[in-house]
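A.B. asks: data33.txt is reproduced below (compact mmCIF, C-alpha atoms).
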# COMPACT_ATOMS: atom_id res chain seq x y z
CA MET U 152 -8.31 9.22 10.42
CA GLN U 153 -6.22 10.69 7.56
CA LEU U 154 -9.32 12.08 5.86
CA ARG U 155 -10.32 13.84 9.07
CA GLN U 156 -6.79 15.25 9.45
CA TRP U 157 -6.98 16.57 5.89
CA SER U 158 -10.37 18.19 6.49
CA GLN U 159 -9.10 19.90 9.66
CA ARG U 160 -6.21 21.59 7.87
CA SER U 161 -6.57 25.18 6.79
CA PRO U 162 -6.42 25.71 3.94
CA HIS U 163 -7.44 22.27 2.68
CA LYS U 164 -6.34 21.62 -0.88
CA PRO U 165 -8.32 19.22 -3.09
CA LEU U 166 -7.44 15.66 -2.11
CA VAL U 167 -6.53 13.05 -4.73
CA ILE U 168 -7.01 9.46 -3.53
CA ARG U 169 -4.87 6.91 -5.36
CA GLY U 170 -4.98 3.15 -5.14
CA ALA U 171 -5.60 -0.10 -6.99
CA ARG U 172 -9.00 -1.11 -8.30
CA GLN U 173 -11.50 -2.16 -5.63
CA VAL U 174 -9.53 -1.12 -2.54
CA GLY U 175 -12.55 0.87 -1.41
CA LYS U 176 -11.78 4.43 -2.51
CA SER U 177 -15.35 5.43 -3.39
CA THR U 178 -16.90 3.63 -0.44
CA LEU U 179 -14.49 5.33 1.96
CA VAL U 180 -15.33 8.80 0.64
CA ARG U 181 -19.07 8.15 0.79
CA GLU U 182 -18.78 7.09 4.41
CA PHE U 183 -16.70 10.17 5.14
CA GLY U 184 -19.33 12.30 3.41
CA LYS U 185 -21.78 11.46 6.19
CA GLU U 186 -19.73 13.70 8.50
CA PHE U 187 -20.53 16.80 6.40
CA ASP U 188 -23.61 19.00 6.22
CA PHE U 189 -23.93 18.25 2.50
CA PHE U 190 -22.30 15.65 0.23
CA ILE U 191 -22.30 15.89 -3.57
CA GLU U 192 -20.96 13.08 -5.74
CA VAL U 193 -20.30 13.11 -9.48
CA ASN U 194 -18.97 10.15 -11.45
CA LEU U 195 -17.22 11.19 -14.64
CA ASP U 196 -17.59 7.67 -15.99
CA LEU U 197 -21.25 8.65 -16.52
CA SER U 198 -21.90 10.79 -19.59
CA ASP U 199 -24.33 13.16 -17.85
CA ASP U 200 -21.78 13.96 -15.14
CA ALA U 201 -18.87 14.12 -17.58
CA GLN U 202 -20.62 16.75 -19.71
CA ILE U 203 -20.76 19.13 -16.77
CA PHE U 204 -16.98 19.46 -16.86
CA GLN U 205 -16.70 19.33 -20.64
CA ARG U 206 -19.07 22.17 -21.44
CA THR U 207 -17.37 24.88 -19.37
CA ASP U 208 -14.20 25.64 -17.47
CA ASN U 209 -15.93 28.10 -15.16
CA VAL U 210 -15.93 26.42 -11.73
CA THR U 211 -18.44 28.94 -10.37
CA ASP U 212 -20.97 27.89 -13.02
CA ILE U 213 -20.20 24.22 -12.44
CA TRP U 214 -20.69 24.60 -8.70
CA GLN U 215 -23.94 26.53 -9.11
CA TYR U 216 -25.30 23.81 -11.40
CA LEU U 217 -24.30 21.02 -8.98
CA CYS U 218 -25.99 22.81 -6.08
CA LEU U 219 -29.22 23.29 -8.06
CA ARG U 220 -29.21 19.68 -9.22
CA ASN U 221 -28.71 18.42 -5.67
CA HIS U 222 -31.19 20.88 -4.14
CA ILE U 223 -28.76 22.52 -1.75
CA VAL U 224 -27.90 26.14 -1.06
CA SER U 225 -24.26 27.07 -1.49
CA ASP U 226 -23.31 28.38 1.95
CA PRO U 227 -19.65 28.89 2.96
CA SER U 228 -20.65 28.51 6.60
CA LYS U 229 -21.66 24.89 5.92
CA ARG U 230 -19.30 21.94 5.54
CA ILE U 231 -19.84 20.71 1.99
CA LEU U 232 -17.89 17.86 0.40
CA LEU U 233 -17.69 17.49 -3.38
CA PHE U 234 -16.55 14.05 -4.54
CA ILE U 235 -15.40 13.75 -8.18
CA ASP U 236 -15.05 10.04 -8.93
CA GLU U 237 -13.28 8.54 -11.99
CA ILE U 238 -11.77 11.94 -12.79
CA GLN U 239 -9.39 10.42 -15.33
CA GLU U 240 -12.34 10.05 -17.74
CA VAL U 241 -12.48 13.84 -18.22
CA PRO U 242 -8.91 15.19 -18.21
CA GLU U 243 -10.26 18.76 -18.41
CA ALA U 244 -11.60 18.32 -14.88
CA VAL U 245 -8.09 17.81 -13.52
CA SER U 246 -6.97 21.33 -14.38
CA LEU U 247 -10.12 22.74 -12.78
CA LEU U 248 -9.12 21.48 -9.34
CA ARG U 249 -6.83 24.45 -8.81
CA TYR U 250 -9.69 26.86 -9.46
CA PHE U 251 -11.96 25.14 -6.97
CA TYR U 252 -9.13 25.64 -4.46
CA GLU U 253 -8.48 29.28 -5.39
CA LYS U 254 -12.07 30.51 -5.86
CA MET U 255 -13.90 28.37 -3.28
CA PRO U 256 -11.36 27.61 -0.54
CA TRP U 257 -14.19 26.78 1.89
CA LEU U 258 -15.33 23.85 -0.30
CA TYR U 259 -13.96 20.38 0.46
CA VAL U 260 -13.04 18.54 -2.74
CA ILE U 261 -11.96 14.90 -3.03
CA THR U 262 -11.25 13.12 -6.28
CA ALA U 263 -10.41 9.51 -7.08
CA GLY U 264 -10.21 7.07 -9.95
CA SER U 265 -9.27 3.48 -10.59
CA ARG U 266 -7.17 4.43 -13.60
CA LEU U 267 -5.57 7.77 -12.70
CA GLN U 268 -2.32 6.59 -14.30
CA SER U 269 -4.08 6.70 -17.70
CA LEU U 270 -3.70 10.49 -17.54
CA LEU U 271 0.04 10.04 -18.05
CA LYS U 272 -0.60 8.73 -21.56
CA LYS U 273 -2.43 12.00 -22.27
CA HIS U 274 0.44 14.03 -20.72
CA ILE U 275 -1.87 15.46 -18.07
CA SER U 276 -0.85 15.91 -14.45
CA PHE U 277 -2.53 17.25 -11.35
CA PRO U 278 -1.88 20.94 -10.55
CA VAL U 279 1.46 21.21 -8.77
CA ALA U 280 1.16 22.53 -5.18
CA ARG U 281 -2.62 22.82 -5.57
CA VAL U 282 -3.60 19.31 -4.48
CA GLU U 283 -2.77 16.77 -1.78
CA TYR U 284 -2.48 13.01 -2.22
CA LEU U 285 -3.63 10.04 -0.17
CA ASN U 286 -2.69 6.47 -1.05
CA LEU U 287 -5.30 3.86 -0.23
CA ARG U 288 -4.04 0.30 0.20
CA PRO U 289 -5.78 -2.97 1.00
CA PHE U 290 -6.80 -3.32 4.66
CA SER U 291 -3.93 -3.31 7.14
CA PHE U 292 -4.03 -5.92 9.89
CA THR U 293 -5.27 -3.29 12.36
CA GLU U 294 -8.18 -2.47 10.05
CA TYR U 295 -8.78 -6.18 9.42
CA ILE U 296 -8.94 -7.08 13.11
CA ASN U 297 -11.29 -4.16 13.73
CA ALA U 298 -13.61 -5.44 10.98
CA MET U 299 -13.46 -9.03 12.23
CA GLU U 300 -13.30 -8.68 16.01
CA GLY U 301 -14.16 -5.10 16.88
CA ALA U 302 -12.61 -2.08 18.57
CA GLU U 303 -11.37 -3.92 21.69
CA TRP U 304 -9.03 -6.10 19.65
CA LYS U 305 -7.93 -3.09 17.57
CA ASN U 306 -7.14 -1.14 20.74
CA MET U 307 -4.96 -3.98 22.03
CA LEU U 308 -2.83 -3.66 18.91
CA GLU U 309 -2.61 0.11 18.90
CA GLN U 310 -1.80 0.25 22.62
CA LEU U 311 0.73 -2.61 22.37
CA SER U 312 -1.22 -4.37 25.10
CA VAL U 313 -1.84 -7.86 23.73
CA PRO U 314 -1.50 -10.07 26.85
CA PRO U 315 0.72 -13.20 26.69
CA LEU U 316 -2.37 -15.40 26.94
CA MET U 317 -3.65 -13.79 23.70
CA HIS U 318 -0.40 -14.11 21.75
CA GLU U 319 -1.22 -17.38 20.01
CA GLU U 320 -4.78 -16.26 19.26
CA MET U 321 -3.62 -12.95 17.77
CA THR U 322 -0.93 -14.75 15.76
CA ASN U 323 -3.59 -17.08 14.34
CA ARG U 324 -5.65 -14.04 13.37
CA PHE U 325 -2.64 -12.55 11.57
CA ASN U 326 -2.05 -15.80 9.68
CA GLN U 327 -5.71 -15.73 8.70
CA TYR U 328 -5.28 -12.15 7.48
CA ALA U 329 -2.19 -13.12 5.46
CA LEU U 330 -4.22 -15.87 3.78
CA ILE U 331 -7.29 -13.73 3.00
CA GLY U 332 -5.48 -10.47 2.25
CA GLY U 333 -6.89 -7.00 2.65
CA MET U 334 -9.18 -6.43 -0.34
CA PRO U 335 -12.42 -5.07 1.18
CA GLU U 336 -14.77 -7.42 -0.68
CA ALA U 337 -12.76 -10.48 0.35
CA VAL U 338 -12.62 -9.35 3.98
CA SER U 339 -16.35 -8.63 4.00
CA SER U 340 -17.16 -12.03 2.54
CA TYR U 341 -14.97 -13.90 5.01
CA ALA U 342 -16.38 -11.92 7.93
CA GLU U 343 -19.88 -13.05 6.94
CA TYR U 344 -19.33 -16.64 5.84
CA HIS U 345 -15.91 -17.75 7.14
CA ASP U 346 -15.48 -19.70 3.91
CA ILE U 347 -12.20 -19.52 1.96
CA GLU U 348 -13.76 -21.09 -1.14
CA ARG U 349 -16.17 -18.16 -1.47
CA LEU U 350 -13.19 -15.86 -2.05
CA SER U 351 -12.08 -17.48 -5.33
CA PRO U 352 -14.67 -15.76 -7.57
CA ILE U 353 -13.88 -12.45 -5.84
CA PHE U 354 -10.17 -12.76 -6.59
CA ASN U 355 -10.91 -13.96 -10.13
CA SER U 356 -13.10 -10.91 -10.73
CA LEU U 357 -10.38 -8.58 -9.50
CA LEU U 358 -7.85 -10.18 -11.84
CA LYS U 359 -10.22 -9.81 -14.80
CA GLY U 360 -10.70 -6.16 -13.87
CA TYR U 361 -6.96 -5.54 -13.87
CA ASN U 362 -6.71 -7.15 -17.32
CA GLU U 363 -9.60 -5.09 -18.68
CA ASP U 364 -7.97 -1.89 -17.45
CA VAL U 365 -4.73 -2.52 -19.34
CA GLU U 366 -5.91 -1.03 -22.63
CA ARG U 367 -6.81 2.18 -20.81
CA TYR U 368 -3.25 2.96 -19.73
CA ALA U 369 -0.93 1.03 -22.04
CA ASN U 370 0.74 3.11 -24.74
CA ASN U 371 0.19 0.69 -27.61
CA GLU U 372 -0.96 -2.84 -28.49
CA GLU U 373 2.45 -4.34 -27.85
CA GLN U 374 2.52 -2.91 -24.34
CA VAL U 375 -0.97 -4.30 -23.76
CA ARG U 376 0.39 -7.79 -24.47
CA ILE U 377 3.44 -7.22 -22.27
CA ILE U 378 1.43 -5.95 -19.30
CA ARG U 379 -1.04 -8.82 -19.59
CA HIS U 380 1.89 -11.23 -19.56
CA ILE U 381 3.20 -9.59 -16.40
CA LEU U 382 -0.26 -9.76 -14.80
CA SER U 383 -0.44 -13.48 -15.51
CA THR U 384 3.03 -14.32 -14.18
CA ALA U 385 4.17 -11.71 -11.62
CA TRP U 386 2.17 -13.21 -8.74
CA TYR U 387 4.41 -16.29 -8.81
CA SER U 388 7.46 -14.08 -8.18
CA ALA U 389 6.05 -12.16 -5.20
CA ALA U 390 8.68 -11.32 -2.57
CA GLU U 391 11.50 -12.43 -4.87
CA LYS U 392 14.38 -10.60 -6.49
CA ILE U 393 13.70 -10.46 -10.20
CA THR U 394 15.44 -9.70 -13.46
CA PHE U 395 13.47 -7.85 -16.13
CA ALA U 396 14.89 -9.56 -19.23
CA LYS U 397 12.78 -12.59 -20.23
CA PHE U 398 10.64 -12.20 -17.12
CA GLY U 399 8.08 -14.97 -16.67
CA ASN U 400 9.78 -17.17 -19.30
CA SER U 401 9.03 -14.62 -21.99
CA SER U 402 11.10 -13.27 -24.87
CA TYR U 403 10.54 -9.65 -23.82
CA THR U 404 13.52 -7.38 -23.27
CA SER U 405 14.53 -5.79 -20.00
CA THR U 406 13.25 -2.41 -21.19
CA GLN U 407 9.87 -3.81 -22.26
CA ILE U 408 9.26 -5.56 -18.95
CA HIS U 409 10.54 -2.59 -16.93
CA ASP U 410 8.20 -0.19 -18.75
CA GLY U 411 5.28 -2.57 -18.29
CA MET U 412 5.95 -2.96 -14.59
CA ASP U 413 6.28 0.80 -14.29
CA CYS U 414 2.69 1.12 -15.59
CA LEU U 415 1.48 -1.47 -13.08
CA GLU U 416 3.39 0.23 -10.27
CA ARG U 417 1.62 3.49 -11.08
CA ALA U 418 -1.64 1.54 -10.96
CA TYR U 419 -0.68 0.31 -7.46
CA ILE U 420 -0.87 -3.35 -8.53
CA LEU U 421 2.76 -4.06 -7.74
CA SER U 422 5.88 -2.34 -6.44
CA LEU U 423 9.56 -2.68 -7.19
CA ASP U 424 11.72 -2.43 -4.07
CA TYR U 425 15.36 -1.69 -4.83
CA PRO U 426 18.38 -2.40 -2.62
CA VAL U 427 20.54 0.00 -0.67
CA THR U 428 24.11 -0.93 0.18
CA SER U 429 24.89 1.67 2.85
CA THR U 430 24.35 1.17 6.57
CA ALA U 431 23.95 4.90 7.19
CA ALA U 432 21.26 7.41 6.24
CA PRO U 433 20.11 8.55 3.80
CA ALA U 434 18.81 5.37 2.19
CA ILE U 435 19.72 5.74 -1.48
CA PRO U 436 18.67 2.84 -3.74
CA ILE U 437 20.97 1.21 -6.28
CA LEU U 438 18.71 1.16 -9.33
CA LYS U 439 21.13 -0.94 -11.39
CA ARG U 440 20.62 -3.92 -9.11
CA SER U 441 17.73 -6.35 -9.12
CA PRO U 442 14.58 -5.18 -7.32
CA LYS U 443 12.25 -7.27 -5.21
CA LEU U 444 8.75 -7.66 -6.55
CA VAL U 445 5.89 -7.04 -4.13
CA MET U 446 2.27 -7.53 -5.22
CA VAL U 447 -0.70 -5.42 -4.14
CA ASP U 448 -2.37 -8.06 -1.99
CA SER U 449 -1.43 -11.35 -0.37
CA GLY U 450 -4.91 -12.82 -0.83
CA ILE U 451 -4.82 -12.44 -4.62
CA THR U 452 -1.22 -13.68 -4.65
CA ASN U 453 -2.11 -16.81 -2.68
CA PHE U 454 -5.06 -17.48 -5.01
CA VAL U 455 -3.03 -17.17 -8.23
CA ALA U 456 0.01 -19.06 -6.90
CA GLY U 457 -2.23 -21.81 -5.55
CA ILE U 458 -0.68 -21.84 -2.09
CA GLN U 459 -3.79 -21.33 0.04
CA ILE U 460 -3.65 -24.92 1.29
CA GLN U 461 -0.14 -24.30 2.67
CA TYR U 462 -1.55 -21.74 5.10
CA LEU U 463 -3.89 -24.35 6.48
CA GLN U 464 -1.16 -26.99 6.75
CA ASN U 465 1.56 -24.83 8.33
CA LYS U 466 1.21 -23.48 11.84
CA ASP U 467 3.98 -20.92 11.36
CA LEU U 468 3.65 -18.33 8.60
CA LEU U 469 7.42 -18.50 8.10
CA ASP U 470 7.05 -22.09 6.89
CA THR U 471 4.61 -21.12 4.13
CA TRP U 472 5.87 -20.77 0.55
CA ARG U 473 9.50 -21.02 1.71
CA GLY U 474 9.08 -17.88 3.80
CA ARG U 475 7.93 -15.73 0.89
CA ALA U 476 4.35 -15.57 2.20
CA ALA U 477 5.64 -13.84 5.31
CA GLU U 478 7.79 -11.41 3.30
CA GLN U 479 4.85 -10.48 1.04
CA ILE U 480 2.51 -9.66 3.91
CA VAL U 481 5.21 -7.80 5.85
CA ALA U 482 5.92 -5.69 2.76
CA GLN U 483 2.19 -5.04 2.42
CA GLU U 484 1.93 -3.89 6.03
CA LEU U 485 5.05 -1.72 5.82
CA ARG U 486 3.67 -0.03 2.71
CA VAL U 487 0.77 1.33 4.77
CA LEU U 488 3.24 2.69 7.33
CA LEU U 489 5.27 4.35 4.60
CA ASP U 490 2.15 6.12 3.32
CA ASN U 491 1.31 7.31 6.83
CA HIS U 492 4.76 8.87 7.14
CA PHE U 493 4.76 10.37 3.61
CA MET U 494 7.51 8.03 2.42
CA GLU U 495 7.24 6.78 -1.15
CA LYS U 496 9.65 3.88 -1.46
CA GLN U 497 10.48 0.67 0.35
CA PHE U 498 13.98 -0.85 0.22
CA TYR U 499 16.00 -3.88 1.23
CA TRP U 500 19.71 -4.11 2.05
CA ASP U 501 22.14 -5.97 -0.17
CA ARG U 502 25.84 -6.61 0.04
CA GLU U 503 27.53 -8.43 -2.80
CA GLU U 504 31.29 -8.38 -2.67
CA LYS U 505 33.84 -10.95 -3.75
CA GLY U 506 33.56 -13.90 -1.42
CA THR U 507 30.67 -12.44 0.62
CA LYS U 508 26.93 -12.15 0.13
CA ALA U 509 24.38 -10.76 2.56
CA GLU U 510 20.79 -9.61 2.17
CA ILE U 511 18.37 -8.12 4.69
CA ASP U 512 14.67 -8.31 3.91
CA PHE U 513 13.80 -4.65 4.54
CA ILE U 514 15.31 -1.45 5.86
CA TRP U 515 13.46 1.40 7.54
CA GLN U 516 14.90 4.88 7.73
CA TYR U 517 14.08 6.24 11.17
CA GLY U 518 15.45 9.75 11.58
CA ASP U 519 19.15 9.53 10.85
CA GLN U 520 19.24 5.77 11.43
CA ILE U 521 18.79 2.89 9.03
CA ILE U 522 16.96 0.09 10.83
CA PRO U 523 17.62 -3.36 9.34
CA ILE U 524 14.51 -5.58 9.39
CA GLU U 525 14.61 -9.37 9.12
CA VAL U 526 11.64 -11.71 8.73
CA LYS U 527 12.97 -14.84 10.37
CA ALA U 528 12.54 -17.43 13.10
CA GLY U 529 15.24 -19.17 15.11
CA THR U 530 18.04 -18.02 17.36
CA ASN U 531 20.32 -15.03 16.86
CA SER U 532 23.00 -17.31 15.43
CA HIS U 533 20.87 -17.63 12.28
CA LEU U 534 20.92 -13.90 11.58
CA LYS U 535 24.10 -13.93 9.47
CA SER U 536 23.10 -11.11 7.13
CA LEU U 537 22.09 -8.93 10.05
CA HIS U 538 25.45 -9.56 11.70
CA SER U 539 27.15 -8.53 8.46
CA PHE U 540 25.17 -5.26 8.52
CA VAL U 541 26.07 -4.61 12.18
CA ASN U 542 29.76 -5.33 11.64
CA GLN U 543 29.87 -3.03 8.63
CA SER U 544 28.07 -0.17 10.38
CA LYS U 545 30.07 2.63 12.01
CA HIS U 546 27.20 3.36 14.41
CA PHE U 547 25.39 1.40 17.07
CA VAL U 548 22.63 -0.56 15.35
CA THR U 549 19.06 -1.06 16.46
CA ALA U 550 17.62 -3.96 14.45
CA VAL U 551 14.14 -5.45 14.10
CA ARG U 552 13.02 -9.02 13.62
CA PHE U 553 9.41 -9.79 12.64
CA TRP U 554 8.46 -13.31 13.64
CA SER U 555 5.79 -15.52 15.18
CA GLY U 556 7.32 -15.31 18.66
CA GLU U 557 6.44 -12.87 21.41
CA PHE U 558 7.58 -9.29 21.75
CA PHE U 559 10.84 -8.65 23.58
CA VAL U 560 13.93 -6.46 23.29
CA GLN U 561 17.40 -7.86 23.82
CA ASP U 562 20.98 -6.64 23.83
CA ALA U 563 22.95 -8.92 21.52
CA GLN U 564 26.31 -9.12 19.82
CA THR U 565 27.69 -10.48 16.60
CA PRO U 566 29.72 -13.71 16.70
CA ALA U 567 33.47 -13.75 17.31
CA PRO U 568 35.86 -12.40 16.37
CA ASP U 569 33.89 -9.11 15.96
CA ASN U 570 31.63 -9.41 19.03
CA LYS U 571 29.99 -6.13 18.09
CA PRO U 572 27.00 -5.14 20.29
CA TYR U 573 23.59 -4.24 18.86
CA ARG U 574 19.99 -4.08 20.02
CA LEU U 575 17.46 -6.54 18.58
CA ILE U 576 13.73 -5.80 18.84
CA ASN U 577 11.74 -8.99 18.32
CA ILE U 578 8.26 -8.03 17.11
CA PRO U 579 5.35 -10.45 16.52
CA PHE U 580 3.75 -10.13 13.09
CA TYR U 581 0.59 -8.62 14.51
CA TYR U 582 2.53 -5.56 15.74
CA ILE U 583 4.04 -4.64 12.34
CA GLY U 584 1.67 -1.69 12.03
CA GLN U 585 2.94 -0.35 15.36
CA LEU U 586 6.59 -0.29 14.28
CA HIS U 587 6.96 3.47 14.61
CA LYS U 588 5.57 3.44 18.15
CA ILE U 589 7.90 0.61 19.12
CA LEU U 590 10.96 2.40 17.72
CA LYS U 591 10.02 5.51 19.70
CA MET U 592 9.89 3.45 22.88
CA SER U 593 13.17 1.58 22.29
Go ahead and express the file in the form of structure tokens.

C.D. replies:
Amino acid sequence: MQLRQWSQRSPHKPLVIRGARQVGKSTLVREFGKEFDFFIEVNLDLSDDAQIFQRTDNVTDIWQYLCLRNHIVSDPSKRILLFIDEIQEVPEAVSLLRYFYEKMPWLYVITAGSRLQSLLKKHISFPVARVEYLNLRPFSFTEYINAMEGAEWKNMLEQLSVPPLMHEEMTNRFNQYALIGGMPEAVSSYAEYHDIERLSPIFNSLLKGYNEDVERYANNEEQVRIIRHILSTAWYSAAEKITFAKFGNSSYTSTQIHDGMDCLERAYILSLDYPVTSTAAPAIPILKRSPKLVMVDSGITNFVAGIQIQYLQNKDLLDTWRGRAAEQIVAQELRVLLDNHFMEKQFYWDREEKGTKAEIDFIWQYGDQIIPIEVKAGTNSHLKSLHSFVNQSKHFVTAVRFWSGEFFVQDAQTPAPDNKPYRLINIPFYYIGQLHKILKMS
């Protein structure tokens, strides 16, 4: 959908697709290439393709050569897509993107790479205002259900039309998704064999790939060791507030761990979600406070942390891994929504004052409102942090709870003596991806 929207814009700048290793960047572009009259792919990880961009900086000559090699006639009246994969291997090619845009505006250009962040070490950046970006994440639940069950199930989600009789079935499917995660190879394997054990070598291969990539984007040997330590320990701290100093029972300093995590965040392997303390927009993070750590994929996290069996034993996702399994997958789903709305960062709400402590799992800035989001079961009396947020706010609050229960909206109030009214939207996990639609309706 987003690729089609990009291609329909005029002018269309070169598109840079970013994302972690093996989230399907190349496969997605190849499938999209079938919608064009001609599709040309070059992989700069291959020496023959790399030399094309190393021998000259004349994009007209490069394009003429690519057309001859692929036996096509360069015709501006045709829709032609040029895909430059692993562009980080030839930094010179990055600067040429602007000239493709300026000299051949009719040409569609997409570039991707599993280690784009390695360009930072070489002090090379993409041409400002000459390219667009698209973040590619692991499958969302909507994409997962489409792959597993087909378009009819997907439409039920997107149209918010899951009937009550299907609630338990759809919830089970979401729990299955949270267990497997959204990495395309894992989803494909489970769709074919329905065997959790077959996923272990897939996850193990992904982890080895992340470790092998470290030397490509670390600044020095010491940082290689630090990042590898983070990669071996961070999964156990998914959906938790962390401190950088001595992270993972190490002797590394706060600065060392922070810099290492910054590299992994740029590689889309993890994210650091900082707190906000205000109840009013704009949402400004407090970077001096502890962030929450969110990993790229719940399936890999479950594999490393060894909690897969808990999914099979617990009927409610909120009972798995002391609730952290639910927080991880909610964060993963919200990240896709953030990308779709061109928002970079995810936050949570924190209030730490003398004698009081309150924390809300996520916040979502919707227009001029800050929407508090809790991931919890139980009655409204258990939402103490949410009530603290409502009581502190100077505006009427619309709040969201993600849970395993059914969808409904209620008018509620905080406990006495405040008795402050607010609206609570109770959303089943399988509707997380429809949050923006639900907020528009409410």

A.B. asks: Work out how far apart atom CA of Ile393 of chain U and atom CA of Lys439 of chain U are and give it in Å to one decimal.

C.D. replies: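 Going from atom CA of Ile393 of chain U over to atom CA of Lys439 of chain U covers 12.1 Å.
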
A.B. asks: Here's a test: counting all atoms listed in the file, identify every protein, DNA and RNA residue with an atom at most 10 Å from (6.6, -14.1, 0.4) in the file's coordinate frame, and state them as a ChimeraX atom specification.

C.D. replies: /U:387-391,444-446,449,452-453,468-469,471-482

A.B. asks: Name the residues in contact with Phe354 of chain U at a cut-off of 8 Å, using all atoms listed in the file, excluding same-chain residues fewer than 2 positions from it; report them as a list in words.

C.D. replies: Ala337, Leu350, Ser351, Pro352, Ser356, Leu357, Leu358, Gly450, Ile451 and Phe454 of chain U

A.B. asks: Given the choices U:Asn542, U:Ser276, U:Asn362, U:Asn209, which gets closest to Arg172 of chain U if the distance is worked out from only C-alpha atoms?

C.D. replies: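 Smallest separation from Arg172 of chain U among the options: U:Asn362.
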
A.B. asks: Excluding same-chain residues fewer than 6 positions from segment 418-421 of chain U, what lies within 10 Å of it counting all atoms listed in the file, as a list in words?

C.D. replies: Arg169, Gly170, Ala171, Arg172, Ser265, Arg266, Leu267, Gln268, Ser269, Asn286, Leu287, Arg288, Tyr361, Asp364, Val365, Tyr368, Leu382, Ala385, Trp386, Ala389, Met412, Leu444, Val445, Met446, Val447 and Asp448 of chain U

A.B. asks: Please determine the residues with any atom at most 12 Å from (33.9, -9.8, 2.4) (coordinates as given in the file, with only C-alpha atoms counting) and report them as number ranges by chain.

C.D. replies: U: 502-509, 536, 539-540, 542-543
